[in-house]
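S.K.: Sharing a structure, written as structure tokens. Questions coming.
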Amino acid sequence: MSLWTDKYFVLSKETINKFGDARVTYAIFMRRPVISAPRLGIKWLTDMAYRRNTKFDVDLRYPEGEWVGAGEPIMYISGQFSQLVDLETLLLQRIGPACVAAYNAFTMCSELPNVSFLAMDARHCAGSEMAEMMAYAASVGSQKAKDTSGATGFIGNATDATAHYFDQKSGLGTMPHAFVGYAGSTLRAAQMFDEAFPNKPMTVLVDYFAHEITDSLSVAAHFPKRVEDGSLAVRMDTPGSRYVEKLDPTVSYAVLEKHVPDVVRGYRLENELSFLVGPGVSSAAIWHLRDALNEKGYQNVKIIGSSGFSPAKCRIFGTANTPVDIIGTGSYLPENWPETYATADIVEYNGEPRVKVGREFLLRK
């Protein structure tokens, strides 16, 4: 424990043991609005209390999934100073990032309430502890969106270890770009997967060869039974370095003009315009693929979008009524890491209110 906690907490613990213990109460808060996601932190704290043969009292002011304003104590934690002082570093690590990620996940699900989401954050995380924290946070934000707006939210994630947060027994996914390259063609990759897993739903990645439209139609034509029973989906993960097959800026504008003319007529920031008609997985690209599938009678083929689906991109996709069925994303991870910094201050010593000047707003009311 002492190897991973701030040194001044370790020295404080030794000094407290020399001069006498005190019962203290900590306030835990964030400097920005968040959604409360304290479960992993509280569980860790409970485990530490058990290991130390002591008891910590947690006064959770904002239960999991509740809005928390900037500077509002999420919880108060009371216990012996000597037992709590060296836990602060590791406790705060387990609270702040999860609360911000939950806020982001909630925003994304709320902007696209009829779209299903898959949590694909694991590869972007700094280790397995962070991966669990982010999956948990996505589940909290998702549930909040379900409760407040009836959103579909997150239906699963990419790894087995954290699938339980989404009421799944295992992670979800079909094929990466590496597998399509190995197969040599998009259709061959689909054939190989179907032969290996004939009873699993199949999502085919269609952007490897820059033939998103051609390959989607080819796969759909080859698997009429999957088209009929709805077990076929195509995933578009086109990089931002190029346009989807048969699209360019002019055609992209024309696609949106056909379906949602008002969305491109108002003022847009540069990044918003890129989400609509730019290269990569734009709203126009999804509309373009949907049109191509529908024209051939493949209305049952689902479209999955991935690549940079941040809260901002989800909002723009929502305004364009983009016909995407599922979004795979890890972009609910906090973008501005300093915003994840949770803070703790002691507000009571042996029952007497006392806090450093400037933090009086933390005192219990």
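Ordering of the structure tokens sets the chain letters (A, B, ...), residue numbers begin anew at 1 in every chain, and ligands are numbered from 1 in the order given.
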Which residues come within 8 Å of Leu60 in chain A, counting only C-alpha atoms, excluding same-chain residues fewer than 4 positions away, as a PyMOL selection string?
M.R.: chain A and resi 74-76
S.K.: Please provide the set of residues having any atom within 8 Å of Phe209 in chain A, restricted to only C-alpha atoms, with same-chain residues fewer than 2 positions apart removed, written as a PyMOL selection string.
M.R.: chain A and resi 185-186+206-207+211-212
S.K.: Within 9 Å of Ile42 in chain A, counting only C-alpha atoms, which residues qualify if same-chain residues fewer than 4 places away don't, as a CSV table (one decimal) with C-alpha atoms, in the first residue's frame?
M.R.:
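In the end it all went to part.csv:
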chain,number,residue,atom,x,y,z
A,38,PRO,CA,-18.7,5.5,-6.8
A,46,THR,CA,-14.8,-1.7,2.2
A,47,ASP,CA,-12.2,-4.3,1.3
A,58,VAL,CA,-19.9,6.0,4.1
A,91,LEU,CA,-9.5,5.9,-3.4
A,94,ARG,CA,-11.2,4.9,-8.4
A,95,ILE,CA,-13.8,7.7,-8.3
S.K.: What residues in range 131-332 of chain A get the DSSP label strand (DSSP E)? Please answer as a PyMOL selection string.
M.R.: chain A and resi 153-157+202-205+232-236+302-306+326-329
S.K.: Any chance you can output those residues with N, CA and C atoms as a short mmCIF file (atom, residue, chain, number, x, y, z; two decimals), in the first residue's frame?
M.R.:
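Dumped to part.cif:
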data_model
loop_
_atom_site.label_atom_id
_atom_site.label_comp_id
_atom_site.auth_asym_id
_atom_site.auth_seq_id
_atom_site.Cartn_x
_atom_site.Cartn_y
_atom_site.Cartn_z
N GLY A 153 -29.30 2.56 -25.01
CA GLY A 153 -28.05 2.54 -24.25
C GLY A 153 -27.08 1.46 -24.68
N PHE A 154 -26.15 1.16 -23.79
CA PHE A 154 -25.12 0.15 -24.07
C PHE A 154 -25.70 -1.25 -23.89
N ILE A 155 -25.53 -2.07 -24.91
CA ILE A 155 -26.06 -3.44 -24.87
C ILE A 155 -24.96 -4.47 -24.63
N GLY A 156 -23.72 -4.04 -24.62
CA GLY A 156 -22.62 -4.97 -24.40
C GLY A 156 -21.29 -4.28 -24.57
N ASN A 157 -20.23 -5.08 -24.48
CA ASN A 157 -18.89 -4.54 -24.62
C ASN A 157 -17.99 -5.56 -25.30
N MET A 202 -23.53 -12.24 -37.18
CA MET A 202 -22.28 -11.89 -37.87
C MET A 202 -22.26 -10.42 -38.25
N THR A 203 -21.21 -9.75 -37.83
CA THR A 203 -20.96 -8.37 -38.24
C THR A 203 -19.72 -8.36 -39.12
N VAL A 204 -19.86 -7.89 -40.33
CA VAL A 204 -18.77 -7.90 -41.30
C VAL A 204 -18.19 -6.50 -41.43
N LEU A 205 -16.89 -6.40 -41.26
CA LEU A 205 -16.18 -5.12 -41.39
C LEU A 205 -15.94 -4.84 -42.87
N LEU A 232 -27.32 -10.55 -39.82
CA LEU A 232 -26.19 -9.95 -40.54
C LEU A 232 -26.15 -8.45 -40.30
N ALA A 233 -24.96 -7.97 -39.98
CA ALA A 233 -24.72 -6.53 -39.86
C ALA A 233 -23.42 -6.21 -40.58
N VAL A 234 -23.29 -4.98 -41.03
CA VAL A 234 -22.04 -4.51 -41.61
C VAL A 234 -21.53 -3.35 -40.76
N ARG A 235 -20.21 -3.36 -40.54
CA ARG A 235 -19.61 -2.30 -39.71
C ARG A 235 -18.72 -1.43 -40.56
N MET A 236 -18.94 -0.14 -40.45
CA MET A 236 -18.14 0.85 -41.17
C MET A 236 -17.20 1.54 -40.18
N LYS A 302 -28.29 -4.72 -40.59
CA LYS A 302 -28.02 -3.62 -39.66
C LYS A 302 -26.71 -2.93 -40.02
N ILE A 303 -26.62 -1.66 -39.67
CA ILE A 303 -25.40 -0.89 -39.88
C ILE A 303 -24.80 -0.53 -38.53
N ILE A 304 -23.53 -0.85 -38.38
CA ILE A 304 -22.77 -0.49 -37.18
C ILE A 304 -21.74 0.55 -37.57
N GLY A 305 -21.68 1.63 -36.83
CA GLY A 305 -20.67 2.66 -37.06
C GLY A 305 -19.67 2.67 -35.93
N SER A 306 -18.41 2.87 -36.28
CA SER A 306 -17.37 3.04 -35.26
C SER A 306 -16.37 4.04 -35.81
N ILE A 326 -26.24 0.51 -34.54
CA ILE A 326 -25.37 0.27 -33.40
C ILE A 326 -24.11 1.12 -33.56
N ILE A 327 -23.60 1.63 -32.45
CA ILE A 327 -22.34 2.36 -32.46
C ILE A 327 -21.37 1.66 -31.53
N GLY A 328 -20.20 1.36 -32.06
CA GLY A 328 -19.12 0.83 -31.24
C GLY A 328 -18.16 1.95 -30.90
N THR A 329 -17.93 2.17 -29.62
CA THR A 329 -17.13 3.33 -29.25
C THR A 329 -16.41 3.16 -27.92
#
S.K.: I need the residue nearest Val244 in chain A from this list: A:Tyr182, A:Tyr267, A:Tyr103, A:Tyr208. Use only C-alpha atoms for the distance.
M.R.: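 Ranking A:Tyr182, A:Tyr267, A:Tyr103, A:Tyr208 by distance to Val244 in chain A, first place goes to A:Tyr208.
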S.K.: Among the residues of range 54-278 of chain A, find those DSSP assigns to helix (DSSP H, G or I) from the backbone and print them as a PyMOL selection string.
M.R.: chain A and resi 81-93+96-111+122-124+128-149+163-166+177-183+186-196+212-222+224-229+249-259+261-264+270-277
S.K.: Nearest to Pro323 in chain A: which of A:Ser283, A:Ser128, A:Thr214, A:Asn350 is it, counting only C-alpha atoms?
M.R.: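 Using only C-alpha atoms, the shortest distance to Pro323 in chain A belongs to A:Ser283.
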S.K.: Please determine, counting only C-alpha atoms, which residue among A:Ala37, A:Leu118, A:Val24, A:Ala158 has the shortest atom-to-atom distance to Asp57 in chain A.
M.R.: A:Val24
S.K.: For Ser36 in chain A, which residue among A:Gln83, A:Asn17, A:Ser218, A:Ser139 is the nearest when counting only C-alpha atoms?
M.R.: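 For Ser36 in chain A, the nearest of the candidates is A:Ser139.
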S.K.: Write out as a ChimeraX atom specification each polymer residue whose atoms come within 12 Å of Ile77 in chain A, counting only C-alpha atoms; drop sequence neighbours fewer than 5 positions from it.
M.R.: /A:23-29,41-42,45-46,49,55-61,83-85,87-88,91,344-348,364
S.K.: Please dump the current selection as a PDB file, in the first residue's frame; keep N, CA and C atoms.
M.R.:
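Result file is again11.pdb:
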ATOM      1  N   ARG A  23     -10.951  10.658  15.145  1.00  0.00           N
ATOM      2  CA  ARG A  23     -11.984  10.240  14.189  1.00  0.00           C
ATOM      3  C   ARG A  23     -12.240  11.418  13.252  1.00  0.00           C
ATOM      4  N   VAL A  24     -12.145  11.148  11.965  1.00  0.00           N
ATOM      5  CA  VAL A  24     -12.264  12.223  10.984  1.00  0.00           C
ATOM      6  C   VAL A  24     -13.343  11.884   9.956  1.00  0.00           C
ATOM      7  N   THR A  25     -13.782  12.923   9.265  1.00  0.00           N
ATOM      8  CA  THR A  25     -14.728  12.757   8.157  1.00  0.00           C
ATOM      9  C   THR A  25     -14.185  13.472   6.934  1.00  0.00           C
ATOM     10  N   TYR A  26     -14.071  12.720   5.851  1.00  0.00           N
ATOM     11  CA  TYR A  26     -13.620  13.272   4.571  1.00  0.00           C
ATOM     12  C   TYR A  26     -14.826  13.591   3.687  1.00  0.00           C
ATOM     13  N   ALA A  27     -14.725  14.672   2.928  1.00  0.00           N
ATOM     14  CA  ALA A  27     -15.674  14.968   1.853  1.00  0.00           C
ATOM     15  C   ALA A  27     -14.978  14.690   0.526  1.00  0.00           C
ATOM     16  N   ILE A  28     -15.645  13.955  -0.363  1.00  0.00           N
ATOM     17  CA  ILE A  28     -15.102  13.644  -1.684  1.00  0.00           C
ATOM     18  C   ILE A  28     -15.922  14.402  -2.721  1.00  0.00           C
ATOM     19  N   PHE A  29     -15.255  15.179  -3.576  1.00  0.00           N
ATOM     20  CA  PHE A  29     -15.995  15.984  -4.549  1.00  0.00           C
ATOM     21  C   PHE A  29     -15.225  16.099  -5.863  1.00  0.00           C
ATOM     22  N   GLY A  41     -14.986   2.448  -6.075  1.00  0.00           N
ATOM     23  CA  GLY A  41     -14.252   3.079  -4.989  1.00  0.00           C
ATOM     24  C   GLY A  41     -14.743   2.632  -3.627  1.00  0.00           C
ATOM     25  N   ILE A  42     -16.052   2.570  -3.464  1.00  0.00           N
ATOM     26  CA  ILE A  42     -16.620   2.151  -2.178  1.00  0.00           C
ATOM     27  C   ILE A  42     -16.307   0.684  -1.906  1.00  0.00           C
ATOM     28  N   LEU A  45     -12.787   0.499  -0.746  1.00  0.00           N
ATOM     29  CA  LEU A  45     -12.676   1.023   0.612  1.00  0.00           C
ATOM     30  C   LEU A  45     -13.200   0.014   1.627  1.00  0.00           C
ATOM     31  N   THR A  46     -14.285  -0.649   1.306  1.00  0.00           N
ATOM     32  CA  THR A  46     -14.842  -1.681   2.189  1.00  0.00           C
ATOM     33  C   THR A  46     -13.866  -2.835   2.358  1.00  0.00           C
ATOM     34  N   ALA A  49     -11.119  -1.750   4.698  1.00  0.00           N
ATOM     35  CA  ALA A  49     -11.568  -1.744   6.091  1.00  0.00           C
ATOM     36  C   ALA A  49     -11.518  -3.151   6.669  1.00  0.00           C
ATOM     37  N   LYS A  55     -13.594  -0.079  10.643  1.00  0.00           N
ATOM     38  CA  LYS A  55     -14.859   0.211   9.981  1.00  0.00           C
ATOM     39  C   LYS A  55     -14.860   1.641   9.474  1.00  0.00           C
ATOM     40  N   PHE A  56     -15.313   1.808   8.244  1.00  0.00           N
ATOM     41  CA  PHE A  56     -15.489   3.132   7.670  1.00  0.00           C
ATOM     42  C   PHE A  56     -16.975   3.351   7.402  1.00  0.00           C
ATOM     43  N   ASP A  57     -17.475   4.495   7.804  1.00  0.00           N
ATOM     44  CA  ASP A  57     -18.877   4.846   7.563  1.00  0.00           C
ATOM     45  C   ASP A  57     -18.960   5.731   6.322  1.00  0.00           C
ATOM     46  N   VAL A  58     -19.737   5.290   5.350  1.00  0.00           N
ATOM     47  CA  VAL A  58     -19.882   6.033   4.096  1.00  0.00           C
ATOM     48  C   VAL A  58     -21.271   6.656   4.038  1.00  0.00           C
ATOM     49  N   ASP A  59     -21.300   7.977   3.988  1.00  0.00           N
ATOM     50  CA  ASP A  59     -22.544   8.729   3.834  1.00  0.00           C
ATOM     51  C   ASP A  59     -22.617   9.172   2.373  1.00  0.00           C
ATOM     52  N   LEU A  60     -23.258   8.351   1.541  1.00  0.00           N
ATOM     53  CA  LEU A  60     -23.307   8.599   0.101  1.00  0.00           C
ATOM     54  C   LEU A  60     -24.425   9.591  -0.202  1.00  0.00           C
ATOM     55  N   ARG A  61     -24.055  10.826  -0.485  1.00  0.00           N
ATOM     56  CA  ARG A  61     -25.046  11.867  -0.737  1.00  0.00           C
ATOM     57  C   ARG A  61     -25.653  11.786  -2.146  1.00  0.00           C
ATOM     58  N   GLN A  83      -6.270   5.088   9.933  1.00  0.00           N
ATOM     59  CA  GLN A  83      -6.666   4.043   8.995  1.00  0.00           C
ATOM     60  C   GLN A  83      -7.071   4.593   7.624  1.00  0.00           C
ATOM     61  N   LEU A  84      -7.445   5.867   7.587  1.00  0.00           N
ATOM     62  CA  LEU A  84      -7.906   6.467   6.337  1.00  0.00           C
ATOM     63  C   LEU A  84      -6.840   7.276   5.605  1.00  0.00           C
ATOM     64  N   VAL A  85      -5.910   7.843   6.339  1.00  0.00           N
ATOM     65  CA  VAL A  85      -5.029   8.856   5.761  1.00  0.00           C
ATOM     66  C   VAL A  85      -4.233   8.362   4.564  1.00  0.00           C
ATOM     67  N   LEU A  87      -5.087   6.037   2.473  1.00  0.00           N
ATOM     68  CA  LEU A  87      -5.942   5.451   1.436  1.00  0.00           C
ATOM     69  C   LEU A  87      -6.408   6.479   0.403  1.00  0.00           C
ATOM     70  N   GLU A  88      -6.184   7.748   0.695  1.00  0.00           N
ATOM     71  CA  GLU A  88      -6.750   8.803  -0.148  1.00  0.00           C
ATOM     72  C   GLU A  88      -6.300   8.699  -1.602  1.00  0.00           C
ATOM     73  N   LEU A  91      -8.002   5.754  -3.390  1.00  0.00           N
ATOM     74  CA  LEU A  91      -9.456   5.905  -3.432  1.00  0.00           C
ATOM     75  C   LEU A  91      -9.869   6.897  -4.513  1.00  0.00           C
ATOM     76  N   ALA A 344     -10.310  15.185  -2.043  1.00  0.00           N
ATOM     77  CA  ALA A 344     -10.796  14.860  -0.695  1.00  0.00           C
ATOM     78  C   ALA A 344     -10.284  15.903   0.292  1.00  0.00           C
ATOM     79  N   ASP A 345     -11.163  16.348   1.169  1.00  0.00           N
ATOM     80  CA  ASP A 345     -10.780  17.242   2.266  1.00  0.00           C
ATOM     81  C   ASP A 345     -11.447  16.770   3.544  1.00  0.00           C
ATOM     82  N   ILE A 346     -10.718  16.800   4.642  1.00  0.00           N
ATOM     83  CA  ILE A 346     -11.323  16.493   5.940  1.00  0.00           C
ATOM     84  C   ILE A 346     -12.167  17.682   6.373  1.00  0.00           C
ATOM     85  N   VAL A 347     -13.395  17.384   6.822  1.00  0.00           N
ATOM     86  CA  VAL A 347     -14.314  18.449   7.232  1.00  0.00           C
ATOM     87  C   VAL A 347     -14.704  18.340   8.707  1.00  0.00           C
ATOM     88  N   GLU A 348     -14.308  17.242   9.365  1.00  0.00           N
ATOM     89  CA  GLU A 348     -14.601  17.082  10.795  1.00  0.00           C
ATOM     90  C   GLU A 348     -13.456  16.340  11.475  1.00  0.00           C
ATOM     91  N   ARG A 364     -20.692  19.560   6.220  1.00  0.00           N
ATOM     92  CA  ARG A 364     -21.995  18.873   6.188  1.00  0.00           C
ATOM     93  C   ARG A 364     -23.106  19.810   6.616  1.00  0.00           C
TER      94      ARG A 364
END
S.K.: Can you list, as a list in words, every protein, DNA or RNA residue that comes within 7 Å of Leu363 in chain A when you count only C-alpha atoms, leaving out same-chain residues fewer than 2 positions away?
M.R.: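 Listing them by chain and then by number gives Val347, Pro353, Glu360, Phe361 and Lys365 of chain A.
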S.K.: Include C-alpha atoms and write out the residues we just selected as an mmCIF file, in the first residue's frame.
M.R.:
data_model
loop_
_atom_site.group_PDB
_atom_site.id
_atom_site.type_symbol
_atom_site.label_atom_id
_atom_site.label_comp_id
_atom_site.auth_asym_id
_atom_site.auth_seq_id
_atom_site.Cartn_x
_atom_site.Cartn_y
_atom_site.Cartn_z
ATOM 1 C CA VAL A 347 -14.314 18.449 7.232
ATOM 2 C CA PRO A 353 -16.445 20.889 11.928
ATOM 3 C CA GLU A 360 -16.325 25.760 3.733
ATOM 4 C CA PHE A 361 -18.863 24.682 1.116
ATOM 5 C CA LYS A 365 -25.352 20.601 6.195
#
S.K.: Excluding Gly65 in chain A and any residue of its chain fewer than 5 positions from it, enumerate the residues within 10 Å of it, using only C-alpha atoms, and give them as a list in words.
M.R.: Val34, Ile35, Ser36, Ala37, Pro38, Cys99, Ala102, Tyr103, Phe106, Ala137, Ser139, Val140, Gly141, Ser142, Gln143, Lys144, Ala145 and Asp147 of chain A
S.K.: Mind writing the picked residues with C-alpha atoms as an mmCIF file, in the first residue's frame?
M.R.:
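Output (out.cif):
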data_model
loop_
_atom_site.group_PDB
_atom_site.id
_atom_site.type_symbol
_atom_site.label_atom_id
_atom_site.label_comp_id
_atom_site.auth_asym_id
_atom_site.auth_seq_id
_atom_site.Cartn_x
_atom_site.Cartn_y
_atom_site.Cartn_z
ATOM 1 C CA VAL A 34 -20.562 14.518 -13.276
ATOM 2 C CA ILE A 35 -22.735 11.474 -12.792
ATOM 3 C CA SER A 36 -22.051 9.622 -9.574
ATOM 4 C CA ALA A 37 -20.226 6.340 -10.213
ATOM 5 C CA PRO A 38 -18.708 5.450 -6.828
ATOM 6 C CA CYS A 99 -17.781 9.758 -12.789
ATOM 7 C CA ALA A 102 -20.382 7.949 -16.872
ATOM 8 C CA TYR A 103 -21.375 11.533 -17.699
ATOM 9 C CA PHE A 106 -25.032 9.226 -20.553
ATOM 10 C CA ALA A 137 -18.844 3.855 -15.958
ATOM 11 C CA SER A 139 -23.012 0.931 -17.675
ATOM 12 C CA VAL A 140 -23.860 3.646 -15.140
ATOM 13 C CA GLY A 141 -24.246 6.366 -17.771
ATOM 14 C CA SER A 142 -26.259 4.012 -19.950
ATOM 15 C CA GLN A 143 -28.668 3.143 -17.156
ATOM 16 C CA LYS A 144 -29.141 6.832 -16.392
ATOM 17 C CA ALA A 145 -30.084 7.451 -20.040
ATOM 18 C CA ASP A 147 -34.162 5.855 -16.856
#
S.K.: Can you work out the spacing between CA of Gly230 in chain A and CA of Ala210 in chain A in Å, to one decimal?
M.R.: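 About the pair CA of Gly230 in chain A and CA of Ala210 in chain A: they are 24.6 Å apart.
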S.K.: Please measure the separation of CA of Lys356 in chain A and CA of Val100 in chain A, giving the value in Å to one decimal.
M.R.: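 Going from CA of Lys356 in chain A over to CA of Val100 in chain A covers 25.8 Å.
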S.K.: When you draw a straight line from CA of Ala342 in chain A to CA of Met30 in chain A, how long is it in Å?
M.R.: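 That distance, rounded to one decimal, is 5.0 Å.
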S.K.: Which residue, A:Glu195, A:Glu228, A:Asp160, A:Glu257, has the smallest gap to Val277 in chain A when you use only C-alpha atoms?
M.R.: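 For Val277 in chain A, the nearest of the candidates is A:Glu257.
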S.K.: Can you pull out the residues contacting Arg123 in chain A? Cut-off 12 Å, using only C-alpha atoms, and skip same-chain residues under 4 positions away; I want them as an NGL selection string.
M.R.: :A and (119 or 127-128 or 130-132 or 134-135 or 157-159 or 329-331 or 333)
